[in-house]
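Participant: Sharing entry.cif below, mmCIF, C-alpha atoms and all ligand atoms:
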```cif
data_model
loop_
_atom_site.label_atom_id
_atom_site.label_comp_id
_atom_site.auth_asym_id
_atom_site.auth_seq_id
_atom_site.Cartn_x
_atom_site.Cartn_y
_atom_site.Cartn_z
CA MET A 28 0.00 0.00 0.00
CA ASP A 29 1.22 3.51 -0.79
CA PRO A 30 1.88 5.20 2.58
CA PHE A 31 1.35 8.61 0.99
CA ALA A 32 -2.05 7.89 -0.55
CA PRO A 33 -4.63 10.35 0.86
CA THR A 34 -7.34 9.05 3.20
CA PRO A 35 -10.47 10.79 4.55
CA GLU A 36 -8.72 11.10 7.94
CA ASP A 37 -6.19 13.46 6.30
CA ARG A 38 -9.08 15.89 5.72
CA PHE A 39 -7.73 17.23 2.42
CA SER A 40 -10.00 19.67 0.59
CA PHE A 41 -9.88 21.76 -2.58
CA GLY A 42 -12.00 24.65 -3.81
CA LEU A 43 -14.11 24.40 -6.95
CA TRP A 44 -12.22 27.54 -7.98
CA THR A 45 -8.83 25.82 -7.51
CA VAL A 46 -9.09 22.59 -9.52
CA GLY A 47 -11.60 24.40 -11.73
CA ASN A 48 -9.22 27.30 -12.42
CA PRO A 49 -9.12 27.72 -16.22
CA GLY A 50 -5.70 29.40 -16.16
CA ARG A 51 -6.75 32.96 -16.95
CA ASP A 52 -4.31 35.66 -15.85
CA PRO A 53 -4.07 39.45 -16.35
CA PHE A 54 -2.12 38.87 -19.57
CA GLY A 55 -3.89 35.91 -21.11
CA GLU A 56 -7.11 34.09 -21.73
CA ALA A 57 -8.24 30.80 -20.24
CA VAL A 58 -6.19 27.79 -21.36
CA ARG A 59 -8.57 25.12 -19.98
CA PRO A 60 -12.33 24.75 -20.42
CA VAL A 61 -14.49 25.63 -17.41
CA ALA A 62 -15.43 22.30 -15.83
CA LYS A 63 -18.83 21.49 -14.34
CA PRO A 64 -18.88 21.40 -10.52
CA THR A 65 -20.27 17.84 -10.55
CA HIS A 66 -17.34 16.71 -12.72
CA LEU A 67 -14.87 18.31 -10.31
CA VAL A 68 -16.51 16.49 -7.40
CA GLN A 69 -16.11 13.16 -9.18
CA LYS A 70 -12.46 13.79 -10.06
CA LEU A 71 -11.59 15.09 -6.57
CA ALA A 72 -13.05 11.95 -5.04
CA GLU A 73 -10.98 9.81 -7.42
CA CYS A 74 -7.85 11.66 -6.28
CA GLY A 75 -8.60 10.93 -2.61
CA ALA A 76 -9.77 14.34 -1.36
CA PHE A 77 -12.37 14.32 1.42
CA GLY A 78 -13.85 17.78 0.86
CA VAL A 79 -14.74 20.39 -1.71
CA ASN A 80 -15.26 24.08 -0.91
CA LEU A 81 -16.95 26.78 -2.91
CA HIS A 82 -17.88 30.41 -3.38
CA ASP A 83 -21.61 30.97 -3.92
CA ASN A 84 -21.02 31.80 -7.59
CA ASP A 85 -18.78 28.79 -8.26
CA LEU A 86 -22.03 26.81 -8.12
CA VAL A 87 -24.86 29.29 -8.65
CA PRO A 88 -24.17 32.09 -11.18
CA MET A 89 -25.18 35.58 -10.12
CA GLY A 90 -28.70 36.35 -11.28
CA ALA A 91 -29.86 32.71 -11.40
CA SER A 92 -33.57 32.24 -10.65
CA ALA A 93 -34.70 30.38 -7.53
CA SER A 94 -35.56 27.27 -9.53
CA GLU A 95 -32.23 27.32 -11.42
CA ARG A 96 -30.44 27.63 -8.06
CA ASP A 97 -32.34 24.72 -6.55
CA LEU A 98 -31.64 22.50 -9.53
CA LEU A 99 -27.89 23.25 -9.42
CA VAL A 100 -27.78 22.63 -5.66
CA ARG A 101 -29.67 19.34 -6.01
CA GLU A 102 -27.35 18.10 -8.78
CA PHE A 103 -24.34 19.05 -6.69
CA GLN A 104 -25.73 17.28 -3.62
CA VAL A 105 -26.29 14.12 -5.64
CA ALA A 106 -22.69 14.26 -6.89
CA LEU A 107 -21.40 14.74 -3.32
CA LYS A 108 -23.38 11.74 -2.14
CA ASP A 109 -22.44 9.55 -5.11
CA HIS A 110 -18.75 10.24 -4.64
CA GLY A 111 -18.62 10.48 -0.84
CA LEU A 112 -17.36 14.08 -0.63
CA VAL A 113 -18.35 16.71 1.96
CA VAL A 114 -18.38 20.52 1.88
CA PRO A 115 -16.39 21.61 4.95
CA MET A 116 -16.21 25.30 4.05
CA ALA A 117 -18.12 27.82 1.96
CA THR A 118 -17.55 31.48 1.13
CA THR A 119 -18.99 34.45 -0.77
CA ASN A 120 -17.58 35.99 -3.90
CA LEU A 121 -17.47 39.68 -2.92
CA PHE A 122 -14.78 40.65 -5.43
CA SER A 123 -15.56 39.65 -9.05
CA HIS A 124 -18.63 41.74 -9.87
CA PRO A 125 -18.02 45.37 -10.91
CA ALA A 126 -20.41 46.45 -8.13
CA PHE A 127 -17.61 45.61 -5.68
CA LYS A 128 -14.94 47.73 -7.37
CA ASP A 129 -14.70 49.99 -4.28
CA GLY A 130 -14.93 47.09 -1.82
CA ALA A 131 -17.91 45.20 -0.40
CA PHE A 132 -18.33 45.63 3.37
CA THR A 133 -16.06 48.69 3.39
CA ALA A 134 -17.33 50.40 0.19
CA ASN A 135 -18.36 54.03 0.49
CA ASP A 136 -21.78 53.51 -1.11
CA PRO A 137 -24.26 52.13 1.46
CA ARG A 138 -26.12 50.35 -1.37
CA VAL A 139 -22.98 48.33 -2.14
CA ARG A 140 -22.54 47.46 1.55
CA ALA A 141 -26.17 46.41 1.83
CA PHE A 142 -25.87 44.25 -1.30
CA ALA A 143 -22.70 42.62 0.08
CA VAL A 144 -24.42 41.71 3.36
CA LYS A 145 -27.50 40.36 1.55
CA LYS A 146 -25.28 38.32 -0.82
CA SER A 147 -23.41 36.96 2.21
CA MET A 148 -26.63 35.90 3.95
CA ASP A 149 -27.76 34.06 0.81
CA ALA A 150 -24.35 32.43 0.48
CA ILE A 151 -24.36 31.43 4.15
CA ASP A 152 -27.74 29.74 3.59
CA LEU A 153 -26.27 27.92 0.60
CA GLY A 154 -23.17 26.84 2.55
CA VAL A 155 -25.24 25.53 5.43
CA GLU A 156 -27.58 23.70 3.05
CA LEU A 157 -24.52 21.90 1.68
CA GLY A 158 -23.29 21.02 5.17
CA ALA A 159 -20.50 23.59 5.63
CA LYS A 160 -19.41 24.23 9.22
CA ILE A 161 -16.85 26.92 8.39
CA TYR A 162 -17.49 30.14 6.53
CA VAL A 163 -14.53 32.06 5.10
CA PHE A 164 -14.43 35.81 4.55
CA TRP A 165 -11.78 36.98 2.15
CA GLY A 166 -12.26 40.65 1.37
CA GLY A 167 -10.78 40.64 -2.09
CA ARG A 168 -11.72 44.23 -2.86
CA GLU A 169 -11.56 45.69 0.65
CA GLY A 170 -8.77 48.17 0.05
CA THR A 171 -7.70 51.24 -1.89
CA GLU A 172 -5.45 52.86 -4.42
CA ALA A 173 -6.75 56.44 -3.92
CA ASP A 174 -6.41 56.30 -0.18
CA ALA A 175 -7.98 59.73 0.42
CA CYS A 176 -11.37 58.23 -0.49
CA ARG A 177 -12.03 57.22 3.13
CA ASP A 178 -10.43 57.29 6.52
CA PRO A 179 -9.00 53.79 7.06
CA ARG A 180 -10.65 53.81 10.51
CA THR A 181 -14.00 53.96 8.76
CA ALA A 182 -13.07 50.80 6.86
CA VAL A 183 -12.19 49.05 10.11
CA ALA A 184 -15.51 50.10 11.67
CA ARG A 185 -17.51 49.02 8.60
CA MET A 186 -15.86 45.62 8.53
CA ARG A 187 -16.65 45.14 12.22
CA GLU A 188 -20.25 46.21 11.67
CA ALA A 189 -20.75 43.75 8.78
CA LEU A 190 -19.20 40.85 10.69
CA ASN A 191 -21.28 41.60 13.78
CA TYR A 192 -24.38 41.71 11.58
CA LEU A 193 -23.60 38.36 9.97
CA CYS A 194 -22.73 36.71 13.30
CA GLU A 195 -26.16 37.75 14.57
CA TYR A 196 -27.72 36.35 11.39
CA VAL A 197 -26.06 32.97 11.97
CA ARG A 198 -27.20 32.97 15.61
CA ASP A 199 -30.72 33.97 14.67
CA GLN A 200 -30.93 31.10 12.17
CA ARG A 201 -29.46 28.70 14.77
CA TYR A 202 -26.84 27.64 12.25
CA GLU A 203 -23.88 25.65 13.48
CA LEU A 204 -21.34 27.78 11.64
CA CYS A 205 -18.18 29.65 12.50
CA PHE A 206 -16.38 32.34 10.50
CA ALA A 207 -12.73 32.34 9.42
CA LEU A 208 -11.16 35.62 8.25
CA GLU A 209 -8.49 35.56 5.56
CA ALA A 210 -5.89 38.33 5.27
CA LYS A 211 -3.94 39.45 2.22
CA PRO A 212 -1.65 42.48 1.95
CA ASN A 213 -2.41 43.55 -1.63
CA GLU A 214 -3.75 42.24 -4.95
CA PRO A 215 -6.18 42.91 -6.41
CA ARG A 216 -6.18 46.25 -4.51
CA GLY A 217 -3.07 48.39 -4.12
CA ASP A 218 -3.37 48.05 -0.35
CA MET A 219 -5.91 45.86 1.41
CA TYR A 220 -7.32 46.48 4.88
CA PHE A 221 -6.37 43.87 7.51
CA PRO A 222 -3.26 42.85 5.55
CA THR A 223 -2.03 40.06 7.85
CA THR A 224 -3.36 37.31 10.10
CA GLY A 225 -2.21 39.37 13.07
CA HIS A 226 -4.44 42.27 12.00
CA MET A 227 -7.36 39.85 11.73
CA LEU A 228 -6.71 38.40 15.18
CA HIS A 229 -6.97 41.85 16.65
CA LEU A 230 -10.15 42.70 14.74
CA ILE A 231 -11.72 39.48 16.09
CA SER A 232 -11.04 40.55 19.66
CA THR A 233 -13.20 43.67 19.04
CA LEU A 234 -16.28 41.80 17.69
CA ASP A 235 -19.53 41.21 19.57
CA HIS A 236 -19.12 37.42 19.30
CA PRO A 237 -15.38 36.76 19.10
CA GLU A 238 -15.92 33.09 20.01
CA MET A 239 -17.61 32.53 16.61
CA VAL A 240 -14.76 33.97 14.57
CA GLY A 241 -11.26 32.70 13.82
CA VAL A 242 -8.74 33.03 10.99
CA ASN A 243 -7.96 31.37 7.67
CA PRO A 244 -4.28 32.13 7.05
CA GLU A 245 -2.85 31.50 3.57
CA VAL A 246 0.79 30.59 2.90
CA ALA A 247 1.05 32.88 -0.14
CA HIS A 248 -0.45 35.91 1.55
CA GLU A 249 1.80 35.98 4.61
CA ASN A 250 4.80 35.36 2.34
CA MET A 251 3.76 38.31 0.16
CA SER A 252 4.10 40.43 3.31
CA GLY A 253 7.57 38.98 3.83
CA LEU A 254 6.50 37.41 7.12
CA SER A 255 6.87 33.95 8.61
CA PHE A 256 3.75 31.97 7.81
CA VAL A 257 4.62 29.42 10.48
CA HIS A 258 4.70 32.11 13.16
CA ALA A 259 1.34 33.52 12.03
CA VAL A 260 -0.25 30.07 12.16
CA ALA A 261 1.32 29.31 15.52
CA GLN A 262 -0.02 32.53 17.00
CA ALA A 263 -3.49 31.70 15.67
CA MET A 264 -3.25 28.18 17.16
CA GLU A 265 -2.08 29.53 20.48
CA ALA A 266 -5.16 31.76 20.57
CA ASP A 267 -7.44 28.81 19.54
CA LYS A 268 -8.28 30.76 16.40
CA LEU A 269 -7.01 28.53 13.60
CA PHE A 270 -10.41 27.61 12.16
CA HIS A 271 -9.24 26.92 8.59
CA ILE A 272 -6.03 27.09 6.52
CA ASP A 273 -5.20 27.83 2.87
CA LEU A 274 -2.21 25.77 1.79
CA ASN A 275 -0.19 26.70 -1.28
CA ALA A 276 3.27 28.01 -2.16
CA GLN A 277 4.70 31.38 -3.04
CA LYS A 278 8.02 33.00 -3.92
CA ILE A 279 8.64 36.04 -1.78
CA GLY A 280 8.21 39.46 -3.41
CA ARG A 281 5.93 38.27 -6.21
CA TYR A 282 2.25 38.55 -7.12
CA ASP A 283 -0.10 36.07 -5.40
CA GLN A 284 1.10 32.89 -7.10
CA ASP A 285 -1.10 30.25 -5.39
CA LEU A 286 1.33 27.52 -6.41
CA ARG A 287 1.12 23.81 -5.56
CA PHE A 288 1.76 23.21 -1.85
CA GLY A 289 5.43 22.53 -1.16
CA SER A 290 6.61 23.60 -4.61
CA GLU A 291 8.52 26.56 -3.11
CA ASP A 292 10.25 27.02 0.27
CA LEU A 293 10.29 23.39 1.39
CA LYS A 294 11.82 24.28 4.74
CA GLN A 295 8.85 26.46 5.65
CA ALA A 296 6.43 23.83 4.31
CA PHE A 297 8.14 21.22 6.51
CA LEU A 298 7.91 23.43 9.60
CA LEU A 299 4.28 24.19 8.82
CA VAL A 300 3.26 20.54 8.52
CA ARG A 301 5.24 19.77 11.67
CA LEU A 302 3.26 22.48 13.48
CA LEU A 303 -0.15 21.49 12.11
CA GLU A 304 0.41 17.80 12.81
CA GLY A 305 1.94 18.44 16.23
CA THR A 306 4.76 15.95 15.59
CA SER A 307 6.90 17.55 18.29
CA GLY A 308 4.21 16.77 20.87
CA THR A 309 2.15 19.96 20.61
CA PRO A 310 -1.66 19.95 20.01
CA ARG A 311 -2.65 18.99 16.46
CA TYR A 312 -4.73 21.21 14.18
CA GLN A 313 -8.12 19.50 13.77
CA GLY A 314 -9.62 21.40 10.81
CA PRO A 315 -9.52 20.68 7.08
CA ARG A 316 -6.23 20.91 5.16
CA HIS A 317 -7.44 23.05 2.30
CA PHE A 318 -5.39 23.66 -0.84
CA ASP A 319 -6.08 27.15 -2.17
CA SER A 320 -3.90 26.92 -5.25
CA HIS A 321 -4.09 25.96 -8.87
CA ALA A 322 -2.19 24.14 -11.59
CA TYR A 323 0.34 25.97 -13.75
CA ARG A 324 -1.11 27.68 -16.81
CA THR A 325 0.91 25.27 -18.94
CA GLU A 326 -1.35 22.36 -17.96
CA ASP A 327 -4.32 20.60 -19.49
CA GLU A 328 -6.86 18.72 -17.37
CA ALA A 329 -4.48 15.81 -16.73
CA GLY A 330 -2.02 18.34 -15.30
CA VAL A 331 -4.71 19.66 -12.95
CA TRP A 332 -5.14 16.23 -11.35
CA GLU A 333 -1.36 15.80 -11.20
CA PHE A 334 -1.34 19.08 -9.29
CA ALA A 335 -4.09 17.93 -6.89
CA ARG A 336 -2.46 14.56 -6.18
CA GLY A 337 0.94 16.24 -5.80
CA SER A 338 -0.38 18.72 -3.21
CA MET A 339 -1.68 15.95 -0.96
CA ARG A 340 1.30 13.70 -1.53
CA THR A 341 3.79 16.42 -0.59
CA TYR A 342 1.82 17.14 2.59
CA LYS A 343 1.92 13.49 3.62
CA ILE A 344 5.61 13.08 2.78
CA LEU A 345 6.41 16.16 4.86
CA LYS A 346 4.35 14.76 7.71
CA ALA A 347 6.35 11.52 7.63
CA ARG A 348 9.62 13.51 7.50
CA ALA A 349 8.52 15.65 10.46
CA GLN A 350 7.59 12.56 12.47
CA ALA A 351 11.02 11.05 11.80
CA PHE A 352 12.75 14.31 12.72
CA ASP A 353 10.89 14.64 16.00
CA ALA A 354 11.51 11.01 16.90
CA ASP A 355 15.27 11.43 16.44
CA LYS A 356 17.24 11.13 19.68
CA GLU A 357 19.79 13.73 18.77
CA VAL A 358 17.11 16.24 17.79
CA ARG A 359 15.22 15.64 21.01
CA GLY A 360 18.39 16.30 22.96
CA LEU A 361 19.08 19.50 21.06
CA ILE A 362 15.65 20.98 21.64
CA ALA A 363 14.97 19.64 25.15
CA GLU A 364 13.72 22.47 27.33
CA ARG A 365 15.97 23.36 30.22
CA LYS A 366 14.25 23.13 33.58
CA ASP A 367 15.42 25.14 36.55
CA ALA A 368 13.99 24.29 39.96
CA LEU A 369 14.91 27.70 41.39
CA LEU A 370 14.17 30.05 38.47
CA ASP A 371 11.02 28.49 36.97
CA PRO A 372 8.78 29.13 40.00
CA LEU A 373 10.32 32.57 40.52
CA MET A 374 9.58 33.59 36.93
CA ALA A 375 6.16 31.98 36.59
CA ARG A 376 4.29 34.94 38.04
CA TYR A 377 5.06 38.39 39.36
CA SER A 378 4.82 38.97 43.09
CA ALA A 379 6.76 41.47 45.18
CA ALA A 380 8.49 38.56 46.93
CA ASN A 381 9.41 36.85 43.63
CA ALA A 382 10.77 40.10 42.23
CA ARG A 383 12.85 40.65 45.36
CA ALA A 384 14.24 37.12 45.21
CA LEU A 385 15.02 37.57 41.48
CA ARG A 386 16.93 40.76 42.19
CA GLY A 387 18.88 39.00 44.91
CA LEU A 388 20.30 36.40 42.51
CA THR A 389 23.73 36.67 40.96
CA HIS A 390 23.62 36.64 37.14
CA ASP A 391 26.53 35.90 34.82
CA PRO A 392 25.71 37.61 31.50
CA ALA A 393 29.21 36.95 30.11
CA ALA A 394 28.79 33.18 30.50
CA LEU A 395 25.31 33.38 28.99
CA GLY A 396 26.62 35.34 26.05
CA SER A 397 29.56 33.10 25.27
CA ALA A 398 27.85 29.69 25.31
CA GLY A 399 26.94 28.29 21.85
CA LEU A 400 23.44 26.91 21.44
CA GLY A 401 23.95 24.20 18.81
CA TYR A 402 21.35 25.56 16.42
CA GLU A 403 23.63 25.11 13.40
CA ARG A 404 23.71 21.41 14.21
CA LEU A 405 19.96 21.33 14.79
CA ASP A 406 19.10 23.10 11.55
CA GLN A 407 21.49 20.98 9.50
CA ARG A 408 19.98 17.82 10.98
CA MET A 409 16.53 19.12 10.06
CA ILE A 410 17.61 19.81 6.50
CA GLU A 411 19.05 16.29 6.27
CA PHE A 412 15.78 14.78 7.50
CA LEU A 413 13.96 16.94 4.99
CA MET A 414 16.23 15.65 2.23
CA GLY A 415 15.60 12.06 3.28
CA VAL A 416 19.12 11.26 4.51
CA HIS A 417 17.94 9.98 7.91
CA GLY A 418 14.96 8.05 9.29
C1 LIG B 501 -6.54 34.47 -3.28
C2 LIG B 501 -7.51 34.17 -2.18
C3 LIG B 501 -8.74 33.46 -2.58
C4 LIG B 501 -9.62 33.15 -1.38
C5 LIG B 501 -10.90 32.55 -1.81
C6 LIG B 501 -11.80 32.22 -0.66
O1 LIG B 501 -5.69 33.64 -3.52
O2 LIG B 501 -6.62 35.52 -3.87
O3 LIG B 501 -6.82 33.36 -1.28
O4 LIG B 501 -8.44 32.29 -3.25
O5 LIG B 501 -9.01 32.28 -0.48
O6 LIG B 501 -11.50 33.46 -2.66
O7 LIG B 501 -12.43 33.31 -0.23
MN MN B 502 -6.97 31.92 0.03
MN MN B 503 -3.70 33.52 -2.66
#
```
What would you get if you wrote out this structure as structure tokens?
Facilitator:
Amino acid sequence: MDPFAPTPEDRFSFGLWTVGNPGRDPFGEAVRPVAKPTHLVQKLAECGAFGVNLHDNDLVPMGASASERDLLVREFQVALKDHGLVVPMATTNLFSHPAFKDGAFTANDPRVRAFAVKKSMDAIDLGVELGAKIYVFWGGREGTEADACRDPRTAVARMREALNYLCEYVRDQRYELCFALEAKPNEPRGDMYFPTTGHMLHLISTLDHPEMVGVNPEVAHENMSGLSFVHAVAQAMEADKLFHIDLNAQKIGRYDQDLRFGSEDLKQAFLLVRLLEGTSGTPRYQGPRHFDSHAYRTEDEAGVWEFARGSMRTYKILKARAQAFDADKEVRGLIAERKDALLDPLMARYSAANARALRGLTHDPAALGSAGLGYERLDQRMIEFLMGVHG
């Protein structure tokens, strides 16, 4: 049996917009035909994915009548059932239509904001009907080029207002649904509001129902900001806010590439999988492993399924490598936490007595400064595990 073959327990998911991406870019037309959602469901199941995610308009085109909508939803539900796939996450397209050219929830025109909230309520209903438990908000047009058009504080307040509104909607409907906010620093706007996962985490703490809302960090987006994706994800996990994740790959300093997971920066991909899987003994991420990426524009349909299988395979290989790394005796020795019976209790919590005792100790900064920490050895060993030399 292939140890890297995906299983439902791996919880791998793809978006209709990812494996259905026809390869259009700002400089060129589509290179692949637009596939039917039911066909994508069948092919994803064949590849071993467990879930498929969607924007409202990936399934139901804007302007469809109620009966057209119901027919499309029914067909899709039949395909899900026939092929054993679930819909873990759903989202709203609040960026493609020209109406959203100035943003959706943060747009200056109240009619646009009202339309965006109504579209989101409809899309939430659709997601819930399909079984989604997670609802992603990616504000693709929430940003500016002509920054004088509004005070950025107004944008923050409008975003908060819209999220509070939609949280109340979900509560009112008694839906079992949580929200996950996705940050991106730029593209398609010159500058987007809430450019990083850290910005989103703070916004969440100001909402009326922060317990319903978490984050959906994306590899490419944090890399575009030049930041450590692993640190962003770890901070979200530490705050119990990692509700969803967008896996892909990205070269730093480029446009949003949405490349196949693991195809760039393998070291970061390794550390990410290690973190998500908790191979060093930390709590494991329980949500879906979603690939928000697409095949190269050079590919035909066969290349798309190569891309999908490759994404999952790389994840599982990295997981096996991380398990071997963390089981290694030498590695465990190098990263073992130092315990100190005197200092640990003194430092655990401030009290006047603890502070006095701390001040009374003799410190030796010169010795602390001169001792090597062995991190060269540790990192090299990690790279060798990553390259398959050990374990
Ligand atoms: C991007 C974004 C999108 C969103 C998706 C879900 O790459 O520009 O990540 O793919 O994740 O629209 O809202
Ligand atoms: Mn994304
Ligand atoms: Mn992206």
Participant: Could you list, as a ChimeraX atom specification, all residues that come within 7 Å of ligand LIG 501 (chain B)? Count only C-alpha atoms and all ligand atoms.
Facilitator: /A:82,118-120,163-165,167,209,245,273,283,285,319
Participant: As AutoDock Vina command-line options, please: the centre and edge lengths in Å, to one decimal, of an axis-aligned box enclosing every listed atom of range 158-167 of chain A with 5 Å added on each side.
Facilitator:
```
--center_x -17.0 --center_y 30.8 --center_z 3.6 --size_x 22.5 --size_y 29.6 --size_z 21.3
```
Participant: Could you state the separation of CA of Val105 in chain A and CA of Phe270 in chain A in Å, given to one decimal place?
Facilitator: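 According to the coordinates, CA of Val105 in chain A and CA of Phe270 in chain A are separated by 27.4 Å.
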Participant: Would you pick out the contacts of Asp52 in chain A at 12 Å or less, using all atoms listed in the file, so that residues sharing its chain but fewer than 6 positions from it are not included, and give the list as a JSON list (two decimals) with C-alpha atoms, keeping the file's coordinate frame?
Facilitator:
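Resulting contents of part_30.json:
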```
[["chain", "number", "residue", "atom", "x", "y", "z"],
["A", 58, "VAL", "CA", -6.19, 27.79, -21.36],
["A", 282, "TYR", "CA", 2.25, 38.55, -7.12],
["A", 283, "ASP", "CA", -0.10, 36.07, -5.40],
["A", 284, "GLN", "CA", 1.10, 32.89, -7.10],
["A", 321, "HIS", "CA", -4.09, 25.96, -8.87],
["A", 323, "TYR", "CA", 0.34, 25.97, -13.75],
["A", 324, "ARG", "CA", -1.11, 27.68, -16.81]]
```
Participant: Report the distance between CA of Glu169 in chain A and CA of Leu121 in chain A in Å, rounded to one decimal place.
Facilitator: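 That distance, rounded to one decimal, is 9.2 Å.
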Participant: Quick one: residues within 10 Å of Ala32 in chain A, all atoms listed in the file counted, chain neighbours fewer than 3 positions away excluded, as number ranges by chain?
Facilitator: A: 28-29, 37, 74-75, 336, 339-340, 343-344
Participant: Which of these residues is nearest to ligand MN 502 (chain B), using all atoms listed in the file: A:Tyr192, A:Tyr220, A:Tyr202, A:Phe318?
Facilitator: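 Residue with the minimum atom-to-atom distance to ligand MN 502 (chain B): A:Phe318.
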Participant: Compare A:Asn275, A:Asn381, A:Gln350, A:Thr341 by their minimum atom-to-atom distance to ligand MN 503 (chain B), counting all atoms listed in the file, and give me the closest one.
Facilitator: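 Closest to ligand MN 503 (chain B), using all atoms listed in the file: A:Asn275.
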Participant: At what distance in Å, to one decimal, does CA of Leu208 in chain A lie from CA of Met227 in chain A?
Facilitator: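 For CA of Met227 in chain A relative to CA of Leu208 in chain A, the distance reads 6.7 Å.
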Participant: I need the residue nearest ligand MN 503 (chain B) from this list: A:His110, A:Arg311, A:Lys278, A:His229. Use all atoms listed in the file for the distance.
Facilitator: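 Among the listed residues, the smallest separation from ligand MN 503 (chain B) belongs to A:Lys278.
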Participant: Excluding Arg404 in chain A and its own-chain neighbours fewer than 5 positions away, which residues fall within 10 Å of it when counting all atoms listed in the file? Please give them as an MDAnalysis selection string.
Facilitator: chainID A and resid 357:358 361 409:410
Participant: Under the rule that only C-alpha atoms are counted, which of A:Ser92, A:Thr45, A:Thr181, A:Asn84 is the nearest residue to Asn135 in chain A?
Facilitator: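 When distances to Asn135 in chain A are compared using only C-alpha atoms, the smallest one comes from A:Thr181.
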Participant: Closest to Ile161 in chain A among A:Ile362, A:Leu99, A:Ile272, A:Ala259, using only C-alpha atoms?
Facilitator: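 Counting only C-alpha atoms, the residue closest to Ile161 in chain A is A:Ile272.
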Participant: Complete range 281-297 of chain A with N, CA and C atoms (output as a PDB file, keeping the file's coordinate frame).
Facilitator:
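Result file follows (rebuild.pdb):
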```pdb
ATOM      1  N   ARG A 281       6.641  38.407  -4.933  1.00  0.00           N
ATOM      2  CA  ARG A 281       5.930  38.270  -6.210  1.00  0.00           C
ATOM      3  C   ARG A 281       4.442  38.545  -6.035  1.00  0.00           C
ATOM      4  N   TYR A 282       3.725  38.514  -7.152  1.00  0.00           N
ATOM      5  CA  TYR A 282       2.250  38.550  -7.120  1.00  0.00           C
ATOM      6  C   TYR A 282       1.759  37.275  -6.414  1.00  0.00           C
ATOM      7  N   ASP A 283       0.479  37.223  -6.098  1.00  0.00           N
ATOM      8  CA  ASP A 283      -0.100  36.070  -5.400  1.00  0.00           C
ATOM      9  C   ASP A 283      -0.083  34.857  -6.323  1.00  0.00           C
ATOM     10  N   GLN A 284       0.889  33.954  -6.106  1.00  0.00           N
ATOM     11  CA  GLN A 284       1.100  32.890  -7.100  1.00  0.00           C
ATOM     12  C   GLN A 284       0.191  31.670  -6.908  1.00  0.00           C
ATOM     13  N   ASP A 285      -0.208  31.405  -5.665  1.00  0.00           N
ATOM     14  CA  ASP A 285      -1.100  30.250  -5.390  1.00  0.00           C
ATOM     15  C   ASP A 285      -0.571  28.961  -6.022  1.00  0.00           C
ATOM     16  N   LEU A 286       0.703  28.691  -5.796  1.00  0.00           N
ATOM     17  CA  LEU A 286       1.330  27.520  -6.410  1.00  0.00           C
ATOM     18  C   LEU A 286       1.032  26.244  -5.608  1.00  0.00           C
ATOM     19  N   ARG A 287       1.321  25.109  -6.216  1.00  0.00           N
ATOM     20  CA  ARG A 287       1.120  23.810  -5.560  1.00  0.00           C
ATOM     21  C   ARG A 287       1.857  23.753  -4.218  1.00  0.00           C
ATOM     22  N   PHE A 288       1.171  23.254  -3.189  1.00  0.00           N
ATOM     23  CA  PHE A 288       1.760  23.210  -1.850  1.00  0.00           C
ATOM     24  C   PHE A 288       3.121  22.502  -1.886  1.00  0.00           C
ATOM     25  N   GLY A 289       4.113  23.140  -1.260  1.00  0.00           N
ATOM     26  CA  GLY A 289       5.430  22.530  -1.160  1.00  0.00           C
ATOM     27  C   GLY A 289       6.317  22.760  -2.375  1.00  0.00           C
ATOM     28  N   SER A 290       5.806  23.437  -3.402  1.00  0.00           N
ATOM     29  CA  SER A 290       6.610  23.600  -4.610  1.00  0.00           C
ATOM     30  C   SER A 290       7.644  24.714  -4.473  1.00  0.00           C
ATOM     31  N   GLU A 291       7.505  25.548  -3.426  1.00  0.00           N
ATOM     32  CA  GLU A 291       8.520  26.560  -3.110  1.00  0.00           C
ATOM     33  C   GLU A 291       8.744  26.508  -1.596  1.00  0.00           C
ATOM     34  N   ASP A 292       9.926  26.915  -1.155  1.00  0.00           N
ATOM     35  CA  ASP A 292      10.250  27.020   0.270  1.00  0.00           C
ATOM     36  C   ASP A 292       9.866  25.766   1.066  1.00  0.00           C
ATOM     37  N   LEU A 293      10.576  24.672   0.734  1.00  0.00           N
ATOM     38  CA  LEU A 293      10.290  23.390   1.390  1.00  0.00           C
ATOM     39  C   LEU A 293      10.540  23.424   2.894  1.00  0.00           C
ATOM     40  N   LYS A 294      11.508  24.240   3.300  1.00  0.00           N
ATOM     41  CA  LYS A 294      11.820  24.280   4.740  1.00  0.00           C
ATOM     42  C   LYS A 294      10.617  24.836   5.505  1.00  0.00           C
ATOM     43  N   GLN A 295      10.025  25.911   4.974  1.00  0.00           N
ATOM     44  CA  GLN A 295       8.850  26.460   5.650  1.00  0.00           C
ATOM     45  C   GLN A 295       7.675  25.477   5.579  1.00  0.00           C
ATOM     46  N   ALA A 296       7.533  24.805   4.445  1.00  0.00           N
ATOM     47  CA  ALA A 296       6.430  23.830   4.310  1.00  0.00           C
ATOM     48  C   ALA A 296       6.612  22.705   5.331  1.00  0.00           C
ATOM     49  N   PHE A 297       7.847  22.273   5.520  1.00  0.00           N
ATOM     50  CA  PHE A 297       8.140  21.220   6.510  1.00  0.00           C
ATOM     51  C   PHE A 297       7.763  21.695   7.915  1.00  0.00           C
TER      52      PHE A 297
END
```
